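Novice: This is the structure, below, for whatever I ask next.
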Amino acid sequence: MIDFNEYVSLVETLNEWAKAYSTGNSIVTDDVYDKKYIQLKEFEAANPAFILDNSPTRHVEDGAEGFRKVKHEIPMISISNSNGIDEANEWCTGMMHDHNVAELELEYKIDGLGLALIYKGGQLIDAVTRGKDNIGDSVFENALRVKGIPSRIAMEGDVEIRGEVVWKYDDFEPINEQFAADGKKTFANPRNGAAGTLKLHDPDEVERRGLSFIGYLIVKGSPNSTQSADIDTLISLGFEVPEHHVVQHVVQFTAVAEGMRERRFEQAYPIDGVVIKVNDKNRQPELGYTAKSPNFYRAYKFPPEEKETELIDIEESVGMSGAITPVAIVKPIHLAMTTVSRCSLHNWDTVEYLGLFRGCHVVIRKAGEIIPELVKCTETGRSKDDYEVIRDQYDRHRPEPIAHVEPYDGTTPGERYMRPKVCPFCGAELKCAVNSEGRELVAWVCDNDSCTSQFVLKLKNFASRDCMNIMGMTSRSEERRVGKECRS
């Protein structure tokens, strides 16, 4: 178990990660966050007198600037996670045997942005995000542009419906491809994209991107006594709902939950688990709440799909800012319903830390089930998740600039890939990017203003639809091809 000083540092780290996540700019994967969050909870359970007021177990992150703040009448709190199917089974057993719960309702856990819809007399009057200290952001104008949110429903009185705003794959991919073609920063995954889009101050752009709402809960104004009946009501009102099932036995739970896990990639939007709910809403008050989560809900989070393949080569890709980033070329594999032959390596620090070499065996997963990334080298045993934690701690505690973090210095069967010394397109010496305070960053850049590759990309951006919109000029979405054209 961690000591108090490590606990204090972990509180700070998790708060930073949560803040980045809430604004659509995740620093680490869900798996990395969850592992550290479990360590935090273990310390707090053993040392309740030392729990800090700013612990992430006691709050959720701040909202965005420029939006009206609204206090939730009914707290909008998160759901505790079960660490794997065995722990989820244990929770279900406790509910059914110890608390005599007759039925559990299972729904897909949607990887989107939580939103509460407030209706009065059947008319939508507000839409509020989760927020911190039970105070969220009113995104009413933007919500009116989200598919699946009706402005009127056939229910009288005060009604509050909750669900997730998602960016369905069929809507997300064309927009992301267009951003890449225009030289803009693309979204890492649909969840991050949905979070960032819903907080835009341009409702027309929100509508253009095509977000959707998936409803799963009626927290106020429901005529029903069960969660499954609420789902049926939402369907009758015209809301899209997640796949859902009612089970009466723990054995049945296992079969249904694992079946849902196998079908996760058949869904139209990102799924990261199953939410297990006590179906009888009349039992929920007696089961109560913790400081942050209801005792009558539990989430079984799916592990990300990962597969091993062979590294064929690392390609040097150029960006409009001059950043030279590594892209892994791998032996094609089928992952999350798509064929993957190229994947992100993020930066050269990652390459050197992992100790990659031509022909090594690597593990690939899809970040947010959409962007393939290389996460581990089998031969060296090093992983990207470990690198992210080390890098974060290094940046936090080491005041001097850094160029890379703990590169792999062991032996490997082949020659290891190292960061290039010169730009592959113009031959200029590469350097670490530097921020406004003079601190070196992780990016490895060519600062030659005359670099042909950067000129081509800037010209493409200048001619793009969102800039000068010059008719007749075409663009290529893959920057690597621009680099090859510049060299030829």
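By order of appearance in the structure tokens: chains A, B, ..., then residues from 1 within every chain, and ligands from 1 in the order shown.
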Identify, with DSSP run on backbone atoms, the residues in region 67-301 of chain A assigned to strand (DSSP E), and express the list as number ranges by chain.

Specialist: A: 69-71, 81-82, 104-110, 113-120, 123-129, 135-137, 158-166, 212-220, 244-247, 271-278, 297-301

Novice: With only C-alpha atoms as the counted atoms, please give the residues lying no more than 12 Å from Arg68 (chain A), apart from itself and same-chain residues fewer than 3 positions off, as JSON, numbers by chain.

Specialist: {"A": [63, 64, 65, 71, 126, 127, 128, 129, 131, 135, 136, 137, 138, 139, 140, 141, 199]}

Novice: In Å, with one decimal, what is the gap from CA of Ile314 (chain A) to CA of Arg439 (chain A)?

Specialist: 27.4 Å

Novice: Could you name the residues that touch Lys36 (chain A) at 12 Å or less, counting only C-alpha atoms, but leaving out those on the same chain fewer than 4 positions away, as an NGL selection string?

Specialist: :A and (1-2 or 6-7 or 9-15 or 17-18 or 28-32 or 40-43 or 56 or 385-386 or 389)

Novice: Could you please write out, as a ChimeraX atom specification, every residue of region 228-336 of chain A that DSSP assigns to alpha helix (DSSP H)?

Specialist: /A:228-236,250-262,284-287

Novice: For the selection just defined, write its residues with N, CA and C atoms to a file, as a JSON list (two decimals), in the first residue's frame.

Specialist:
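Resulting contents of out-v3.json:
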[["chain", "number", "residue", "atom", "x", "y", "z"],
["A", 228, "SER", "N", -36.36, -1.25, -15.59],
["A", 228, "SER", "CA", -36.68, -1.79, -16.91],
["A", 228, "SER", "C", -37.94, -1.14, -17.49],
["A", 229, "ALA", "N", -38.92, -0.82, -16.64],
["A", 229, "ALA", "CA", -40.13, -0.13, -17.12],
["A", 229, "ALA", "C", -39.79, 1.29, -17.55],
["A", 230, "ASP", "N", -38.85, 1.93, -16.85],
["A", 230, "ASP", "CA", -38.40, 3.27, -17.26],
["A", 230, "ASP", "C", -37.78, 3.23, -18.66],
["A", 231, "ILE", "N", -37.01, 2.19, -18.93],
["A", 231, "ILE", "CA", -36.40, 2.05, -20.26],
["A", 231, "ILE", "C", -37.50, 1.94, -21.32],
["A", 232, "ASP", "N", -38.54, 1.15, -21.02],
["A", 232, "ASP", "CA", -39.66, 1.03, -21.96],
["A", 232, "ASP", "C", -40.35, 2.37, -22.17],
["A", 233, "THR", "N", -40.48, 3.15, -21.09],
["A", 233, "THR", "CA", -41.10, 4.48, -21.21],
["A", 233, "THR", "C", -40.25, 5.38, -22.09],
["A", 234, "LEU", "N", -38.94, 5.36, -21.91],
["A", 234, "LEU", "CA", -38.04, 6.18, -22.73],
["A", 234, "LEU", "C", -38.19, 5.82, -24.21],
["A", 235, "ILE", "N", -38.32, 4.54, -24.49],
["A", 235, "ILE", "CA", -38.51, 4.11, -25.88],
["A", 235, "ILE", "C", -39.81, 4.67, -26.43],
["A", 236, "SER", "N", -40.88, 4.62, -25.63],
["A", 236, "SER", "CA", -42.18, 5.12, -26.08],
["A", 236, "SER", "C", -42.16, 6.63, -26.30],
["A", 250, "VAL", "N", -27.43, -15.01, -10.37],
["A", 250, "VAL", "CA", -26.05, -14.61, -10.60],
["A", 250, "VAL", "C", -25.46, -15.34, -11.81],
["A", 251, "VAL", "N", -25.78, -16.63, -11.94],
["A", 251, "VAL", "CA", -25.29, -17.39, -13.10],
["A", 251, "VAL", "C", -25.79, -16.78, -14.39],
["A", 252, "GLN", "N", -27.03, -16.35, -14.38],
["A", 252, "GLN", "CA", -27.61, -15.69, -15.55],
["A", 252, "GLN", "C", -26.90, -14.37, -15.83],
["A", 253, "PHE", "N", -26.54, -13.66, -14.76],
["A", 253, "PHE", "CA", -25.81, -12.40, -14.93],
["A", 253, "PHE", "C", -24.51, -12.62, -15.69],
["A", 254, "THR", "N", -23.74, -13.65, -15.30],
["A", 254, "THR", "CA", -22.46, -13.89, -15.94],
["A", 254, "THR", "C", -22.63, -14.13, -17.43],
["A", 255, "ALA", "N", -23.59, -14.97, -17.79],
["A", 255, "ALA", "CA", -23.82, -15.29, -19.20],
["A", 255, "ALA", "C", -24.23, -14.06, -19.99],
["A", 256, "VAL", "N", -25.14, -13.27, -19.43],
["A", 256, "VAL", "CA", -25.63, -12.08, -20.13],
["A", 256, "VAL", "C", -24.52, -11.02, -20.26],
["A", 257, "ALA", "N", -23.81, -10.76, -19.14],
["A", 257, "ALA", "CA", -22.76, -9.74, -19.16],
["A", 257, "ALA", "C", -21.64, -10.08, -20.13],
["A", 258, "GLU", "N", -21.22, -11.35, -20.14],
["A", 258, "GLU", "CA", -20.15, -11.75, -21.05],
["A", 258, "GLU", "C", -20.63, -11.75, -22.50],
["A", 259, "GLY", "N", -21.89, -12.06, -22.71],
["A", 259, "GLY", "CA", -22.45, -11.95, -24.06],
["A", 259, "GLY", "C", -22.45, -10.50, -24.54],
["A", 260, "MET", "N", -22.77, -9.57, -23.65],
["A", 260, "MET", "CA", -22.74, -8.15, -24.00],
["A", 260, "MET", "C", -21.31, -7.71, -24.30],
["A", 261, "ARG", "N", -20.35, -8.24, -23.54],
["A", 261, "ARG", "CA", -18.95, -7.90, -23.81],
["A", 261, "ARG", "C", -18.54, -8.35, -25.21],
["A", 262, "GLU", "N", -18.98, -9.53, -25.61],
["A", 262, "GLU", "CA", -18.63, -10.04, -26.94],
["A", 262, "GLU", "C", -19.27, -9.21, -28.04],
["A", 284, "GLN", "N", -34.18, 0.96, -3.78],
["A", 284, "GLN", "CA", -32.97, 1.78, -3.90],
["A", 284, "GLN", "C", -32.73, 2.71, -2.70],
["A", 285, "PRO", "N", -33.74, 3.40, -2.17],
["A", 285, "PRO", "CA", -33.48, 4.29, -1.02],
["A", 285, "PRO", "C", -32.90, 3.57, 0.19],
["A", 286, "GLU", "N", -33.38, 2.36, 0.49],
["A", 286, "GLU", "CA", -32.88, 1.63, 1.67],
["A", 286, "GLU", "C", -31.45, 1.15, 1.46],
["A", 287, "LEU", "N", -31.05, 0.91, 0.22],
["A", 287, "LEU", "CA", -29.67, 0.50, -0.07],
["A", 287, "LEU", "C", -28.71, 1.67, 0.06]]

Novice: Can you measure CA of Arg145 (chain A) to CA of Asp133 (chain A) for me? One decimal in Å is fine.

Specialist: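 Pair CA of Arg145 (chain A) / CA of Asp133 (chain A) returns 27.0 Å.
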
Novice: Report as a PyMOL selection string all protein, DNA and RNA residues lying within 9 Å of region 80-86 of chain A, evaluated on only C-alpha atoms, omitting residues in the same chain fewer than 4 positions from it.

Specialist: chain A and resi 34+38+90-91+254+257-258+292-295+297-303

Novice: Can you tell me which residues surround region 107-113 of chain A at a distance of at most 8 Å, considering only C-alpha atoms, apart from same-chain residues fewer than 4 positions away, and format the answer as a list in words?

Specialist: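 The residues that qualify are Thr129, Glu164, Val165, Val166, Trp167, Pro190, Arg191, Ala194, Ala195, Pro242, Glu243, His244, His245, Met260, Tyr269, Pro270, Ile271, Asp272, Gly273, Val274, Val275, Ile276, Ala299 and Lys301 of chain A.
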
Novice: Can I get the selected residues back with N, CA and C atoms, as a compact mmCIF listing (two decimals), in the first residue's frame?

Specialist:
# COMPACT_ATOMS: atom_id res chain seq x y z
N THR A 129 -24.88 19.43 -17.73
CA THR A 129 -23.84 18.41 -17.60
C THR A 129 -23.61 18.06 -16.14
N GLU A 164 -26.44 9.79 -22.01
CA GLU A 164 -25.10 10.13 -22.45
C GLU A 164 -25.15 10.75 -23.85
N VAL A 165 -24.37 11.81 -24.02
CA VAL A 165 -24.15 12.36 -25.36
C VAL A 165 -22.98 11.62 -25.96
N VAL A 166 -23.18 11.04 -27.14
CA VAL A 166 -22.14 10.25 -27.80
C VAL A 166 -21.91 10.77 -29.21
N TRP A 167 -20.77 10.38 -29.76
CA TRP A 167 -20.48 10.66 -31.16
C TRP A 167 -20.40 9.30 -31.84
N PRO A 190 -14.04 9.08 -30.01
CA PRO A 190 -15.36 9.72 -30.02
C PRO A 190 -15.76 10.34 -28.69
N ARG A 191 -15.35 9.73 -27.57
CA ARG A 191 -15.73 10.28 -26.26
C ARG A 191 -15.13 11.66 -26.06
N ALA A 194 -16.87 14.12 -28.36
CA ALA A 194 -18.21 14.51 -27.91
C ALA A 194 -18.15 15.51 -26.76
N ALA A 195 -17.22 15.28 -25.82
CA ALA A 195 -17.08 16.20 -24.68
C ALA A 195 -16.67 17.58 -25.14
N PRO A 242 -29.81 2.10 -24.60
CA PRO A 242 -28.81 1.05 -24.81
C PRO A 242 -29.43 -0.34 -24.73
N GLU A 243 -28.71 -1.34 -25.22
CA GLU A 243 -29.14 -2.73 -25.04
C GLU A 243 -29.27 -3.00 -23.55
N HIS A 244 -30.33 -3.72 -23.15
CA HIS A 244 -30.59 -3.92 -21.73
C HIS A 244 -31.25 -5.27 -21.51
N HIS A 245 -31.05 -5.84 -20.29
CA HIS A 245 -31.59 -7.15 -19.95
C HIS A 245 -31.93 -7.17 -18.46
N MET A 260 -22.77 -9.57 -23.65
CA MET A 260 -22.74 -8.15 -24.00
C MET A 260 -21.31 -7.71 -24.30
N TYR A 269 -21.82 3.12 -31.08
CA TYR A 269 -21.08 4.14 -30.33
C TYR A 269 -20.19 3.44 -29.30
N PRO A 270 -19.26 4.17 -28.69
CA PRO A 270 -18.31 3.53 -27.77
C PRO A 270 -18.98 2.96 -26.52
N ILE A 271 -18.61 1.74 -26.18
CA ILE A 271 -19.09 1.04 -24.99
C ILE A 271 -17.88 0.62 -24.17
N ASP A 272 -17.91 0.85 -22.87
CA ASP A 272 -16.76 0.43 -22.07
C ASP A 272 -17.13 -0.47 -20.88
N GLY A 273 -18.37 -0.98 -20.88
CA GLY A 273 -18.73 -1.88 -19.80
C GLY A 273 -20.22 -2.12 -19.73
N VAL A 274 -20.64 -2.71 -18.61
CA VAL A 274 -22.05 -2.95 -18.32
C VAL A 274 -22.39 -2.30 -16.99
N VAL A 275 -23.50 -1.59 -16.93
CA VAL A 275 -24.00 -1.03 -15.68
C VAL A 275 -25.04 -2.01 -15.11
N ILE A 276 -24.85 -2.40 -13.86
CA ILE A 276 -25.75 -3.33 -13.18
C ILE A 276 -26.60 -2.52 -12.20
N ALA A 299 -20.75 -0.82 -11.87
CA ALA A 299 -20.29 -0.92 -13.26
C ALA A 299 -19.27 -2.04 -13.40
N LYS A 301 -16.58 -2.85 -15.90
CA LYS A 301 -15.88 -2.26 -17.03
C LYS A 301 -15.13 -3.32 -17.83

Novice: Point out the residue among A:Ser225, A:Ser55, A:Asn100, A:Ser26 with the least atom-to-atom distance to Phe187 (chain A), counting only C-alpha atoms.

Specialist: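 Once distances to Phe187 (chain A) are computed over only C-alpha atoms, the minimum belongs to A:Ser26.
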
Novice: Have a look at CA of Pro407 (chain A) and CA of Val362 (chain A) and let me know their distance in Å, one decimal.

Specialist: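 Separation of CA of Pro407 (chain A) and CA of Val362 (chain A): 17.0 Å.
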
Novice: Considering only C-alpha atoms, can you say which of A:Pro48, A:Pro372, A:Ala20, A:Gly322 comes closest to Asn192 (chain A)?

Specialist: A:Ala20

Novice: Identify which of the residues A:Val434, A:Cys92, A:Val445, A:Leu211 lies closest to Ile149 (chain A), counting only C-alpha atoms when measuring atom-to-atom distances.

Specialist: A:Leu211

Novice: Given the choices A:Arg358, A:Arg391, A:Lys421, A:His201, which gets closest to Val330 (chain A) if the distance is worked out from only C-alpha atoms?

Specialist: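 Closest to Val330 (chain A) of all the choices is A:Arg358.
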
Novice: Which neighbours of Cys423 (chain A) fall inside 12 Å, counting only C-alpha atoms, when residues of the same chain fewer than 3 positions from it are skipped, and could you give them as a compact mmCIF listing (two decimals) with N, CA and C atoms, in the first residue's frame?

Specialist:
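Result file follows (result08.txt):
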# COMPACT_ATOMS: atom_id res chain seq x y z
N GLU A 316 8.43 8.02 -40.17
CA GLU A 316 8.52 9.38 -39.64
C GLU A 316 7.49 10.25 -40.35
N SER A 317 6.53 10.76 -39.59
CA SER A 317 5.44 11.55 -40.14
C SER A 317 5.63 13.01 -39.77
N VAL A 318 5.32 13.90 -40.69
CA VAL A 318 5.50 15.34 -40.45
C VAL A 318 4.16 16.01 -40.19
N GLY A 319 4.16 16.98 -39.30
CA GLY A 319 2.97 17.77 -39.02
C GLY A 319 3.16 19.22 -39.44
N GLY A 322 5.70 21.23 -37.74
CA GLY A 322 7.09 20.79 -37.86
C GLY A 322 7.41 19.60 -36.98
N ALA A 323 6.43 19.11 -36.22
CA ALA A 323 6.67 17.95 -35.36
C ALA A 323 6.87 16.70 -36.21
N ILE A 324 7.93 15.96 -35.91
CA ILE A 324 8.21 14.70 -36.59
C ILE A 324 7.81 13.58 -35.63
N THR A 325 6.73 12.89 -35.93
CA THR A 325 6.20 11.90 -35.01
C THR A 325 6.32 10.49 -35.59
N ARG A 419 15.23 8.23 -31.80
CA ARG A 419 14.68 9.45 -32.41
C ARG A 419 15.64 9.94 -33.49
N PRO A 420 15.11 10.41 -34.62
CA PRO A 420 15.97 10.91 -35.69
C PRO A 420 16.69 12.19 -35.27
N CYS A 426 13.95 17.82 -45.00
CA CYS A 426 14.81 18.94 -45.42
C CYS A 426 16.23 18.81 -44.88
N GLY A 427 16.47 17.87 -43.96
CA GLY A 427 17.82 17.65 -43.43
C GLY A 427 18.21 18.55 -42.29
N ALA A 428 17.32 19.44 -41.84
CA ALA A 428 17.65 20.35 -40.73
C ALA A 428 17.72 19.56 -39.42
N GLU A 429 18.53 20.05 -38.48
CA GLU A 429 18.66 19.39 -37.19
C GLU A 429 17.36 19.50 -36.41
N LEU A 430 16.92 18.38 -35.82
CA LEU A 430 15.68 18.37 -35.04
C LEU A 430 15.95 18.77 -33.59
N LYS A 431 14.95 19.37 -32.96
CA LYS A 431 15.08 19.85 -31.59
C LYS A 431 13.81 19.54 -30.81
N TRP A 444 9.24 16.46 -30.89
CA TRP A 444 10.53 16.51 -31.58
C TRP A 444 10.28 17.19 -32.91
N VAL A 445 10.85 18.41 -33.12
CA VAL A 445 10.40 19.24 -34.23
C VAL A 445 11.54 19.71 -35.13
N CYS A 446 11.12 20.02 -36.36
CA CYS A 446 11.98 20.70 -37.32
C CYS A 446 11.56 22.17 -37.32
N ASP A 447 12.51 23.05 -36.95
CA ASP A 447 12.15 24.48 -36.87
C ASP A 447 12.63 25.26 -38.08
N ASN A 448 12.89 24.56 -39.18
CA ASN A 448 13.30 25.21 -40.43
C ASN A 448 12.08 25.76 -41.14
N SER A 450 11.83 26.99 -43.89
CA SER A 450 11.86 26.70 -45.33
C SER A 450 11.64 25.22 -45.64
N CYS A 451 11.32 24.44 -44.64
CA CYS A 451 11.09 23.01 -44.85
C CYS A 451 9.92 22.81 -45.81
N THR A 452 10.18 22.12 -46.92
CA THR A 452 9.17 21.96 -47.97
C THR A 452 7.93 21.25 -47.47
N SER A 453 8.11 20.24 -46.61
CA SER A 453 6.95 19.47 -46.14
C SER A 453 6.00 20.34 -45.35
N GLN A 454 6.54 21.21 -44.48
CA GLN A 454 5.69 22.10 -43.71
C GLN A 454 4.98 23.11 -44.61
N GLY A 483 4.97 14.09 -47.14
CA GLY A 483 6.42 14.00 -46.92
C GLY A 483 7.11 13.29 -48.07
N CYS A 486 7.41 15.53 -51.02
CA CYS A 486 8.42 16.57 -50.84
C CYS A 486 9.82 16.04 -51.11
N ARG A 487 10.06 14.78 -50.77
CA ARG A 487 11.38 14.21 -50.94
C ARG A 487 11.66 13.78 -52.36

Novice: So, counting only C-alpha atoms, which residue among A:Lys307, A:Arg365, A:Lys331, A:His249 is closest to Gly94 (chain A)?

Specialist: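 Of all the options, A:His249 lies closest to Gly94 (chain A).
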
Novice: Find the residues around Lys366 (chain A) up to 9 Å (only C-alpha atoms counted), leave out those fewer than 6 positions away in its own chain, and share them as a count of residues only.

Specialist: 9
